[in-house]
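What follows is the content of input15.txt (compact mmCIF, C-alpha atoms).
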# COMPACT_ATOMS: atom_id res chain seq x y z
CA MET I 1 32.51 -7.22 50.13
CA ALA I 2 31.34 -4.54 47.83
CA GLY I 3 27.79 -5.83 47.79
CA PHE I 4 25.79 -3.36 45.78
CA ASN I 5 28.28 -0.55 46.12
CA LYS I 6 29.21 -0.01 42.50
CA VAL I 7 30.92 3.32 42.99
CA VAL I 8 34.55 3.34 41.89
CA GLY I 9 37.16 5.91 42.86
CA SER I 10 39.05 6.42 39.63
CA TYR I 11 38.55 6.52 35.89
CA GLU I 12 41.16 3.75 35.60
CA ALA I 13 38.94 1.52 37.71
CA ALA I 14 35.85 2.64 35.80
CA MET I 15 37.23 1.50 32.45
CA ALA I 16 39.40 -1.40 33.63
CA GLY I 17 39.27 -4.32 31.21
CA LEU I 18 38.79 -2.27 28.05
CA ARG I 19 41.02 -3.77 25.39
CA ASP I 20 41.79 -3.31 21.72
CA ASN I 21 39.10 -4.28 19.21
CA MET I 22 36.25 -4.14 21.72
CA THR I 23 32.82 -2.66 21.04
CA VAL I 24 31.82 0.37 23.10
CA ILE I 25 28.25 1.67 23.15
CA ALA I 26 28.04 5.32 24.15
CA GLY I 27 25.03 7.37 25.21
CA GLY I 28 24.54 10.96 24.09
CA PHE I 29 22.97 13.04 21.34
CA GLY I 30 25.45 15.43 19.80
CA LEU I 31 27.36 16.76 22.80
CA CYS I 32 24.31 16.50 25.07
CA GLY I 33 24.44 13.83 27.77
CA ILE I 34 27.83 12.37 26.88
CA PRO I 35 30.11 10.59 29.39
CA GLU I 36 32.92 13.12 28.98
CA GLY I 37 35.35 11.70 31.53
CA LEU I 38 34.95 8.10 30.38
CA ILE I 39 35.71 9.15 26.81
CA THR I 40 38.81 10.98 28.03
CA GLN I 41 39.84 7.83 29.90
CA ILE I 42 39.57 5.76 26.70
CA LYS I 43 41.80 8.34 25.05
CA MET I 44 44.31 8.05 27.92
CA MET I 45 44.32 4.25 27.61
CA ASN I 46 44.97 4.63 23.87
CA THR I 47 42.90 1.53 23.15
CA LYS I 48 42.85 0.82 19.41
CA GLY I 49 40.61 -0.84 16.89
CA LEU I 50 37.42 0.10 18.72
CA THR I 51 33.95 -0.23 17.30
CA VAL I 52 31.98 2.64 18.76
CA VAL I 53 28.18 2.67 18.67
CA SER I 54 26.83 6.15 19.26
CA ASN I 55 24.31 8.40 17.52
CA ASN I 56 27.08 10.88 16.69
CA CYS I 57 30.86 11.07 16.92
CA GLY I 58 31.28 14.31 18.86
CA VAL I 59 32.99 17.26 17.24
CA ASP I 60 36.63 17.98 16.46
CA GLY I 61 38.44 18.06 19.80
CA PHE I 62 35.48 17.19 22.04
CA GLY I 63 33.37 14.17 22.91
CA LEU I 64 34.02 11.03 20.90
CA GLY I 65 35.83 13.22 18.36
CA ILE I 66 38.96 13.05 20.56
CA LEU I 67 39.22 9.29 19.95
CA LEU I 68 39.77 9.99 16.26
CA GLU I 69 42.96 11.95 16.94
CA GLU I 70 45.07 8.83 17.57
CA LYS I 71 42.89 6.73 15.25
CA GLN I 72 41.49 4.63 18.08
CA ILE I 73 38.19 4.02 16.32
CA LYS I 74 38.08 1.37 13.60
CA LYS I 75 34.35 1.48 13.02
CA MET I 76 31.58 3.88 13.94
CA VAL I 77 27.90 2.93 14.04
CA SER I 78 25.94 6.20 13.98
CA SER I 79 22.96 7.95 12.44
CA TYR I 80 24.64 11.30 11.82
CA VAL I 81 28.31 12.20 11.66
CA GLY I 82 28.22 15.60 10.01
CA GLU I 83 29.85 17.73 12.70
CA ASN I 84 33.37 16.45 12.48
CA ALA I 85 36.02 17.31 9.87
CA LEU I 86 38.55 14.75 11.15
CA PHE I 87 35.87 12.08 10.89
CA GLU I 88 35.18 12.92 7.28
CA GLN I 89 38.89 12.95 6.45
CA GLN I 90 39.52 9.51 7.99
CA LEU I 91 36.44 8.15 6.31
CA LEU I 92 37.53 9.39 2.89
CA ASN I 93 41.06 8.02 3.51
CA GLY I 94 39.62 4.60 4.29
CA GLU I 95 41.04 4.69 7.83
CA LEU I 96 37.62 4.59 9.40
CA GLU I 97 34.59 2.50 8.61
CA VAL I 98 31.10 3.85 9.22
CA GLU I 99 27.79 2.04 9.37
CA LEU I 100 25.16 4.72 8.97
CA THR I 101 22.05 3.56 10.79
CA PRO I 102 18.68 5.33 11.03
CA GLN I 103 18.33 6.95 14.42
CA GLY I 104 15.28 5.00 15.51
CA THR I 105 16.78 1.75 14.29
CA LEU I 106 19.93 2.53 16.26
CA ALA I 107 17.96 3.17 19.44
CA GLU I 108 15.94 0.00 18.91
CA LYS I 109 19.09 -2.05 18.16
CA MET I 110 20.45 -1.03 21.57
CA ARG I 111 17.15 -1.57 23.33
CA ALA I 112 16.67 -4.99 21.74
CA GLY I 113 20.28 -5.94 22.45
CA GLY I 114 19.84 -5.16 26.11
CA ALA I 115 16.53 -7.02 26.21
CA GLY I 116 17.85 -10.25 24.68
CA ILE I 117 16.05 -9.79 21.39
CA PRO I 118 18.46 -10.69 18.57
CA ALA I 119 16.66 -8.91 15.73
CA PHE I 120 13.47 -7.09 14.83
CA TYR I 121 11.51 -6.05 11.74
CA THR I 122 11.08 -2.40 10.88
CA ALA I 123 9.72 -0.48 7.90
CA THR I 124 12.47 2.10 8.33
CA GLY I 125 15.00 1.84 5.52
CA PHE I 126 13.03 -0.52 3.28
CA GLY I 127 13.83 0.23 -0.37
CA THR I 128 16.82 2.39 0.59
CA PRO I 129 20.56 1.62 0.81
CA VAL I 130 20.00 0.73 4.50
CA GLY I 131 17.82 -2.19 3.49
CA GLU I 132 20.21 -3.62 0.90
CA GLY I 133 21.19 -7.22 1.62
CA LYS I 134 18.83 -7.50 4.57
CA GLU I 135 16.08 -10.04 4.93
CA THR I 136 12.63 -8.61 4.14
CA ARG I 137 9.17 -9.73 5.07
CA LYS I 138 5.64 -8.50 4.46
CA PHE I 139 3.24 -8.05 7.36
CA ASN I 140 -0.32 -6.91 6.61
CA GLY I 141 0.71 -5.82 3.14
CA ARG I 142 3.63 -3.68 4.23
CA ASP I 143 7.34 -4.39 3.65
CA TYR I 144 9.78 -4.60 6.54
CA ILE I 145 13.49 -5.29 6.87
CA LEU I 146 15.14 -7.41 9.54
CA GLU I 147 17.60 -5.46 11.69
CA GLU I 148 19.93 -7.16 14.14
CA SER I 149 20.35 -5.87 17.66
CA ILE I 150 23.59 -4.57 19.18
CA THR I 151 25.40 -5.37 22.39
CA GLY I 152 28.76 -4.03 23.52
CA ASP I 153 31.70 -5.14 25.61
CA PHE I 154 31.32 -1.82 27.39
CA ALA I 155 28.52 0.72 27.61
CA ILE I 156 29.49 4.22 28.71
CA VAL I 157 26.58 6.22 30.02
CA LYS I 158 26.05 9.71 31.36
CA ALA I 159 23.42 10.06 34.08
CA TYR I 160 22.41 12.91 36.35
CA LYS I 161 22.05 11.26 39.76
CA ALA I 162 22.64 7.70 40.87
CA ASP I 163 22.71 5.82 44.14
CA ARG I 164 25.35 3.21 44.93
CA TYR I 165 23.09 0.49 43.54
CA GLY I 166 23.25 2.07 40.11
CA ASN I 167 19.65 3.25 40.13
CA CYS I 168 19.80 6.47 38.19
CA ILE I 169 17.95 9.34 36.59
CA TYR I 170 18.80 11.47 33.60
CA ARG I 171 18.26 15.19 33.25
CA HIS I 172 16.11 16.73 30.50
CA THR I 173 17.12 15.80 26.94
CA ALA I 174 20.49 14.53 28.20
CA GLN I 175 18.55 11.28 28.56
CA ASN I 176 18.47 10.44 24.81
CA PHE I 177 20.32 7.18 24.05
CA ASN I 178 21.72 6.71 27.56
CA PRO I 179 19.03 4.39 28.98
CA MET I 180 19.29 2.01 25.99
CA ALA I 181 23.08 2.09 26.04
CA ALA I 182 22.99 1.22 29.75
CA THR I 183 21.14 -2.03 29.06
CA ALA I 184 23.34 -3.17 26.19
CA GLY I 185 26.84 -3.35 27.71
CA LYS I 186 28.47 -6.46 29.17
CA ILE I 187 30.06 -3.92 31.49
CA THR I 188 28.03 -0.76 31.92
CA VAL I 189 29.74 2.26 33.41
CA LEU I 190 27.79 5.28 34.61
CA GLU I 191 29.40 8.68 34.84
CA VAL I 192 27.17 10.86 36.99
CA GLU I 193 26.96 14.39 38.27
CA GLU I 194 26.04 13.32 41.77
CA ILE I 195 25.86 10.21 43.93
CA VAL I 196 22.88 10.31 46.25
CA GLU I 197 22.03 8.26 49.32
CA PRO I 198 20.03 5.09 48.68
CA GLY I 199 16.37 5.95 49.04
CA GLU I 200 16.84 9.55 48.02
CA LEU I 201 15.56 8.78 44.53
CA SER I 202 11.99 7.57 44.63
CA PRO I 203 11.73 4.01 43.24
CA SER I 204 9.12 5.16 40.77
CA GLU I 205 11.26 7.93 39.32
CA ILE I 206 14.23 5.70 38.44
CA HIS I 207 14.95 5.78 34.70
CA THR I 208 17.53 2.97 34.68
CA PRO I 209 17.31 0.30 37.39
CA GLY I 210 20.64 -0.60 38.97
CA ILE I 211 20.59 -4.16 37.64
CA TYR I 212 21.99 -2.88 34.35
CA VAL I 213 24.85 -0.97 35.98
CA ASP I 214 28.25 -2.35 36.93
CA ARG I 215 30.34 0.68 37.86
CA ILE I 216 29.63 4.27 38.78
CA ILE I 217 31.95 7.24 38.87
CA VAL I 218 31.32 10.89 39.71
CA GLY I 219 32.49 13.09 36.86
CA ASN I 220 33.15 16.73 36.19
CA PHE I 221 31.33 17.88 33.11
CA GLU I 222 32.08 20.78 30.82
CA LYS I 223 28.69 20.30 29.09
CA ARG I 224 29.70 22.09 25.95
CA ILE I 225 26.79 23.45 23.89
CA GLU I 226 26.90 22.74 20.17
CA ARG I 227 24.46 25.41 18.99
CA LYS I 228 23.52 28.05 21.47
CA ILE I 229 20.46 29.84 20.10
CA ILE I 230 18.81 32.60 22.07
CA SER I 231 15.20 33.59 21.57
CA SER I 232 15.06 36.70 19.41
CA ALA I 233 11.85 37.69 21.18
CA SER I 234 13.67 37.73 24.52
CA SER I 235 16.41 40.02 23.25
CA ASN I 236 13.73 42.58 22.35
CA GLN I 237 12.25 42.59 25.82
CA MET Z 1 6.80 35.49 -7.60
CA SER Z 2 8.75 32.67 -6.12
CA LEU Z 3 8.13 32.36 -2.38
CA SER Z 4 10.73 33.27 0.24
CA ARG Z 5 11.75 30.74 2.91
CA GLU Z 6 9.44 32.50 5.36
CA GLN Z 7 6.52 32.36 2.94
CA ILE Z 8 7.05 28.65 2.36
CA ALA Z 9 7.08 28.23 6.15
CA MET Z 10 3.84 30.23 6.41
CA ARG Z 11 2.20 27.97 3.85
CA VAL Z 12 3.48 24.88 5.69
CA ALA Z 13 1.89 26.15 8.91
CA GLN Z 14 -1.51 26.18 7.17
CA GLU Z 15 -1.26 22.38 7.12
CA PHE Z 16 -1.17 22.20 10.91
CA GLY Z 17 -4.38 20.90 12.42
CA ASP Z 18 -5.72 21.63 15.89
CA GLY Z 19 -4.48 19.01 18.34
CA HIS Z 20 -1.80 17.66 16.00
CA TYR Z 21 1.52 16.18 17.07
CA ILE Z 22 4.07 17.40 14.53
CA ASN Z 23 7.72 16.75 13.81
CA LEU Z 24 9.50 19.54 11.94
CA GLY Z 25 12.82 18.93 10.21
CA ILE Z 26 15.77 21.30 10.23
CA GLY Z 27 15.58 24.43 8.07
CA ILE Z 28 12.35 25.74 6.52
CA PRO Z 29 10.15 23.19 8.37
CA THR Z 30 11.42 24.50 11.72
CA LEU Z 31 10.58 28.07 10.66
CA ALA Z 32 6.93 27.02 10.30
CA ALA Z 33 6.70 26.83 14.09
CA ASN Z 34 6.68 30.65 14.04
CA TYR Z 35 3.43 30.76 12.06
CA VAL Z 36 1.08 28.46 13.97
CA ALA Z 37 -2.42 29.94 13.80
CA ASP Z 38 -3.62 31.59 17.01
CA ASP Z 39 -6.78 29.51 17.22
CA ILE Z 40 -5.15 26.07 17.23
CA GLU Z 41 -2.95 24.14 19.63
CA VAL Z 42 -0.18 21.87 18.31
CA MET Z 43 2.57 19.91 20.01
CA LEU Z 44 6.00 19.75 18.39
CA GLN Z 45 8.01 16.55 18.64
CA SER Z 46 11.80 16.67 18.63
CA GLU Z 47 13.19 13.21 17.97
CA ASN Z 48 16.03 13.44 20.48
CA GLY Z 49 13.34 12.93 23.11
CA LEU Z 50 11.09 15.96 23.62
CA LEU Z 51 7.37 16.22 22.95
CA GLY Z 52 6.22 19.79 23.42
CA MET Z 53 9.13 21.83 22.13
CA GLY Z 54 9.00 25.46 23.22
CA PRO Z 55 10.78 28.54 21.90
CA TYR Z 56 14.52 29.14 22.04
CA PRO Z 57 15.65 30.04 25.56
CA THR Z 58 16.53 33.43 26.96
CA GLU Z 59 20.15 33.84 28.02
CA GLU Z 60 19.11 32.93 31.58
CA GLN Z 61 17.19 29.83 30.47
CA VAL Z 62 20.04 28.31 28.43
CA ASP Z 63 20.68 24.76 29.64
CA ALA Z 64 23.17 22.38 28.01
CA ASP Z 65 20.87 19.47 28.91
CA MET Z 66 17.99 20.97 26.95
CA ILE Z 67 18.43 20.76 23.19
CA ASN Z 68 16.39 19.93 20.11
CA ALA Z 69 17.13 17.46 17.30
CA GLY Z 70 19.14 20.17 15.51
CA LYS Z 71 21.36 20.31 18.63
CA GLU Z 72 20.14 23.85 19.32
CA THR Z 73 19.33 25.07 22.80
CA VAL Z 74 15.59 24.98 23.35
CA THR Z 75 12.90 25.11 26.03
CA ALA Z 76 10.03 22.81 26.92
CA ALA Z 77 6.50 24.10 26.37
CA THR Z 78 3.77 23.71 28.96
CA GLY Z 79 2.48 20.16 28.67
CA ALA Z 80 5.81 18.82 27.42
CA SER Z 81 7.29 15.43 28.20
CA ILE Z 82 10.86 14.17 27.90
CA PHE Z 83 11.86 10.58 27.22
CA ASN Z 84 14.59 8.38 25.76
CA SER Z 85 15.40 7.84 22.09
CA ALA Z 86 13.71 4.41 21.85
CA GLU Z 87 10.49 5.90 23.24
CA SER Z 88 10.82 8.83 20.86
CA PHE Z 89 11.05 6.58 17.83
CA ALA Z 90 8.38 4.27 19.16
CA MET Z 91 5.94 7.16 18.88
CA ILE Z 92 7.28 7.98 15.41
CA ARG Z 93 7.34 4.40 14.07
CA GLY Z 94 4.10 3.52 15.78
CA GLY Z 95 2.30 6.12 13.69
CA HIS Z 96 1.44 8.41 16.60
CA VAL Z 97 2.93 11.52 15.01
CA ASP Z 98 0.26 13.17 12.86
CA LEU Z 99 2.48 15.16 10.56
CA THR Z 100 6.14 15.24 9.57
CA VAL Z 101 7.58 18.08 7.51
CA LEU Z 102 11.08 17.70 6.14
CA GLY Z 103 13.38 18.94 3.41
CA ALA Z 104 14.59 16.88 0.44
CA PHE Z 105 16.96 16.87 -2.53
CA GLU Z 106 14.46 15.06 -4.75
CA VAL Z 107 10.94 13.65 -4.64
CA ASP Z 108 9.47 11.48 -7.37
CA SER Z 109 5.96 11.00 -8.68
CA ASN Z 110 5.58 7.77 -6.68
CA GLY Z 111 6.21 9.68 -3.48
CA SER Z 112 9.72 8.37 -2.92
CA ILE Z 113 12.17 10.79 -1.36
CA ALA Z 114 15.95 11.30 -1.44
CA SER Z 115 17.19 13.60 1.28
CA TRP Z 116 20.28 12.27 3.00
CA MET Z 117 23.12 11.35 0.69
CA ILE Z 118 24.89 12.63 -2.39
CA PRO Z 119 27.39 9.92 -3.37
CA GLY Z 120 30.94 11.25 -3.39
CA LYS Z 121 29.88 14.56 -1.86
CA LEU Z 122 27.77 14.31 1.24
CA ILE Z 123 28.05 11.46 3.72
CA LYS Z 124 26.71 12.91 6.94
CA GLY Z 125 24.01 10.36 7.62
CA MET Z 126 20.23 10.13 7.69
CA GLY Z 127 19.64 10.96 11.35
CA GLY Z 128 15.96 10.31 12.06
CA ALA Z 129 14.66 11.05 8.54
CA MET Z 130 14.22 7.42 7.46
CA ASP Z 131 12.27 6.62 10.61
CA LEU Z 132 10.11 9.71 10.20
CA VAL Z 133 9.14 9.01 6.58
CA ALA Z 134 8.41 5.37 7.44
CA GLY Z 135 6.29 6.21 10.43
CA ALA Z 136 4.32 9.46 10.30
CA GLN Z 137 0.69 9.53 9.19
CA ASN Z 138 1.17 12.43 6.83
CA ILE Z 139 4.45 13.55 5.32
CA ILE Z 140 5.06 16.87 3.64
CA VAL Z 141 8.26 17.88 1.88
CA THR Z 142 9.43 21.46 1.58
CA MET Z 143 12.10 22.33 -0.96
CA THR Z 144 12.83 24.63 -3.85
CA HIS Z 145 11.09 23.43 -6.98
CA ALA Z 146 14.34 23.34 -8.97
CA ASP Z 147 18.04 23.44 -8.04
CA LYS Z 148 20.21 26.49 -8.63
CA TYR Z 149 20.91 25.33 -12.17
CA GLY Z 150 17.19 25.13 -12.92
CA ASN Z 151 17.00 21.32 -12.78
CA SER Z 152 13.71 20.03 -11.45
CA LYS Z 153 13.68 18.30 -8.06
CA LEU Z 154 10.27 16.77 -8.81
CA LEU Z 155 11.23 13.76 -10.85
CA GLU Z 156 9.71 10.73 -12.46
CA GLN Z 157 12.18 8.69 -10.45
CA CYS Z 158 14.68 9.82 -7.79
CA THR Z 159 18.32 9.58 -8.89
CA LEU Z 160 19.94 9.84 -5.44
CA PRO Z 161 19.92 7.14 -2.71
CA LEU Z 162 16.44 7.00 -1.20
CA THR Z 163 15.32 7.96 2.29
CA GLY Z 164 11.97 6.21 1.87
CA VAL Z 165 9.69 4.77 -0.80
CA ASN Z 166 6.13 5.79 -1.70
CA CYS Z 167 5.67 7.87 1.42
CA ILE Z 168 5.37 11.56 0.53
CA ASN Z 169 1.83 12.95 0.44
CA LYS Z 170 2.41 16.61 -0.34
CA ILE Z 171 5.15 18.96 -1.52
CA ILE Z 172 5.31 22.67 -0.78
CA THR Z 173 7.87 24.47 -2.93
CA ASN Z 174 8.73 28.08 -3.65
CA LEU Z 175 6.40 27.83 -6.67
CA ALA Z 176 3.57 25.48 -5.82
CA VAL Z 177 1.70 23.08 -3.59
CA LEU Z 178 1.39 19.61 -5.07
CA GLU Z 179 -0.19 16.38 -3.93
CA VAL Z 180 1.51 13.12 -4.80
CA LYS Z 181 -0.87 10.34 -5.73
CA GLY Z 182 -1.45 7.75 -8.43
CA GLY Z 183 2.07 8.09 -9.80
CA ALA Z 184 1.78 11.82 -10.53
CA PHE Z 185 2.20 15.26 -9.02
CA HIS Z 186 -1.15 17.03 -8.78
CA LEU Z 187 -0.85 20.79 -8.83
CA ILE Z 188 -3.28 22.21 -6.28
CA GLU Z 189 -1.96 25.72 -5.63
CA ARG Z 190 0.55 28.06 -7.17
CA ALA Z 191 2.57 30.85 -5.62
CA PRO Z 192 1.10 34.31 -6.25
CA GLY Z 193 2.04 35.45 -9.73
CA VAL Z 194 3.60 32.14 -10.77
CA THR Z 195 2.10 30.66 -13.92
CA VAL Z 196 1.11 27.06 -14.49
CA ASP Z 197 3.50 27.05 -17.45
CA GLU Z 198 6.48 27.90 -15.27
CA ILE Z 199 5.56 25.12 -12.85
CA ARG Z 200 5.09 22.72 -15.73
CA THR Z 201 8.53 23.62 -17.14
CA LYS Z 202 10.18 23.02 -13.78
CA THR Z 203 8.42 19.73 -13.00
CA ALA Z 204 10.18 16.77 -14.60
CA GLY Z 205 7.79 14.07 -13.31
CA LYS Z 206 4.22 13.62 -14.52
CA LEU Z 207 2.15 16.66 -13.60
CA VAL Z 208 -1.62 16.73 -13.42
CA VAL Z 209 -3.14 20.20 -13.62
CA ALA Z 210 -6.74 21.00 -12.84
CA GLU Z 211 -8.66 23.50 -14.92
CA ASN Z 212 -8.35 26.21 -12.33
CA VAL Z 213 -5.34 26.26 -10.03
CA PRO Z 214 -5.80 28.85 -7.29
CA GLU Z 215 -3.02 30.99 -5.92
CA MET Z 216 -1.86 30.34 -2.37
CA MET Z 217 -3.55 32.49 0.25
CA PHE Z 218 -1.60 34.00 3.13
Please, can you express the file's structure as structure tokens?
Amino acid sequence: MAGFNKVVGSYEAAMAGLRDNMTVIAGGFGLCGIPEGLITQIKMMNTKGLTVVSNNCGVDGFGLGILLEEKQIKKMVSSYVGENALFEQQLLNGELEVELTPQGTLAEKMRAGGAGIPAFYTATGFGTPVGEGKETRKFNGRDYILEESITGDFAIVKAYKADRYGNCIYRHTAQNFNPMAATAGKITVLEVEEIVEPGELSPSEIHTPGIYVDRIIVGNFEKRIERKIISSASSNQ
Amino acid sequence: MSLSREQIAMRVAQEFGDGHYINLGIGIPTLAANYVADDIEVMLQSENGLLGMGPYPTEEQVDADMINAGKETVTAATGASIFNSAESFAMIRGGHVDLTVLGAFEVDSNGSIASWMIPGKLIKGMGGAMDLVAGAQNIIVTMTHADKYGNSKLLEQCTLPLTGVNCINKIITNLAVLEVKGGAFHLIERAPGVTVDEIRTKTAGKLVVAENVPEMMF
């Protein structure tokens, strides 16, 4: 009986059940707070036809960008995809579909999806290409568009520390989309830096309660930095 | 004289009010953080989930888990808080951010803005810009007044796909400061040495000019 021990011993076990044409929701902002090992596992499995929901699509050769190399992604739902030459090439060739979604709408789509809310109204995107073809409604004199929520077959999430129950915390701005992604997967997999003993994390500091989490694996992270900028003031000191 | 990027940023910083929560876009808006007046306190919001953005880190402070919305390494200021993306956009969409400053390709005299897409050329995505222009209390655009071919970016109607409609309050360019209201651009300041005629020539949308238009003060 595994009970509430959700820790798995291999990446194969972590991503077991992922099949072609599934939807995968991934946490992360740029290369910050991405589940590096789980992405590599998807690459190893060579699963095709994936719809990937993530704010960005990594960079060439790192993060979600590696799933473009064997054309595993059919459709990307993102707010910004500007860091990736291979992405642009596949998009222009018609090999990849992209649904550009405002960042806040994307976060709210995941949050709503995980919370059982099928759709919500937002002013974001009204009167722009994002609002085209969507239902609109006026509230208190202002125009809103109806946006549908998102759920995934899998959610892949990067957390800092978790206990075996799946209670976890994120570190600094590596939090970003991860808590929403965690709620929106039929199977949610956490890749963490450290497993801690139950009770070690204070109940009131938990960012994501374990109820959302199905599997946990300890990863090794490169944590590549996209734009390392050093304070010019500090270099003068 | 047309303003430099730094001078535009300095003029932007004059819009910052004491106690304001401010979101600065990538580019010139971000530079404005260097010119916050000494006698006010502001809090910078970075939409990836940081309220209270500090300066860039020293070599020792660099942390891959600590970045801003431009994906640059950053630090947290005293009084900062860190949260998830839904929380971040809740404060933006809920109207809690006092001021947003962002760049644009075009703004029109109804206050609509195009800043994220050039069909056939640029398909990178809107990031958080659509949420910011739909949510902030006050929205200022910084951009050059005309493109490199001399074509005005202040139009009667935007030609590129929109980021938001009827939302821009003020524009700070290399030539002028203009308010957008009542379907027109209202010239309120000009860059030192720049004539009203030059601004008029480079403004394609309806321009309202007061009798005396002061020069910007730095």
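All residues of protein, DNA or RNA that reach within 10 Å of Gly210 of chain I, judged by only C-alpha atoms and not counting those fewer than 4 positions away in the chain, are Phe4, Lys6, Ala162, Asp163, Arg164, Tyr165, Gly166, Asn167, Cys168, Ala182, Ile206, Asp214 and Arg215 of chain I.
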Given a cut-off of 7 Å, which residues of chain Z touch chain I, counting only C-alpha atoms, written out as a VMD selection string?
chain Z and resid 48 to 50 55 to 59 64 to 67 71 to 73 82 to 86 89 124 to 128 130 to 131 134 161 to 165
Just the number, please: distance in Å from atom CA of Ser112 of chain Z to atom CA of Asn166 of chain Z, one decimal.
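About the pair atom CA of Ser112 of chain Z and atom CA of Asn166 of chain Z: they are 4.6 Å apart.
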In terms of the shortest atom-to-atom distance over all atoms listed in the file, which of Z:Asn23, Z:Gln7, Z:Thr203, Z:Asn34 is closest to Ile140 of chain Z?
Z:Asn23
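The coordinates place atom CA of Asn169 of chain Z at 18.4 Å from atom CA of Met10 of chain Z.
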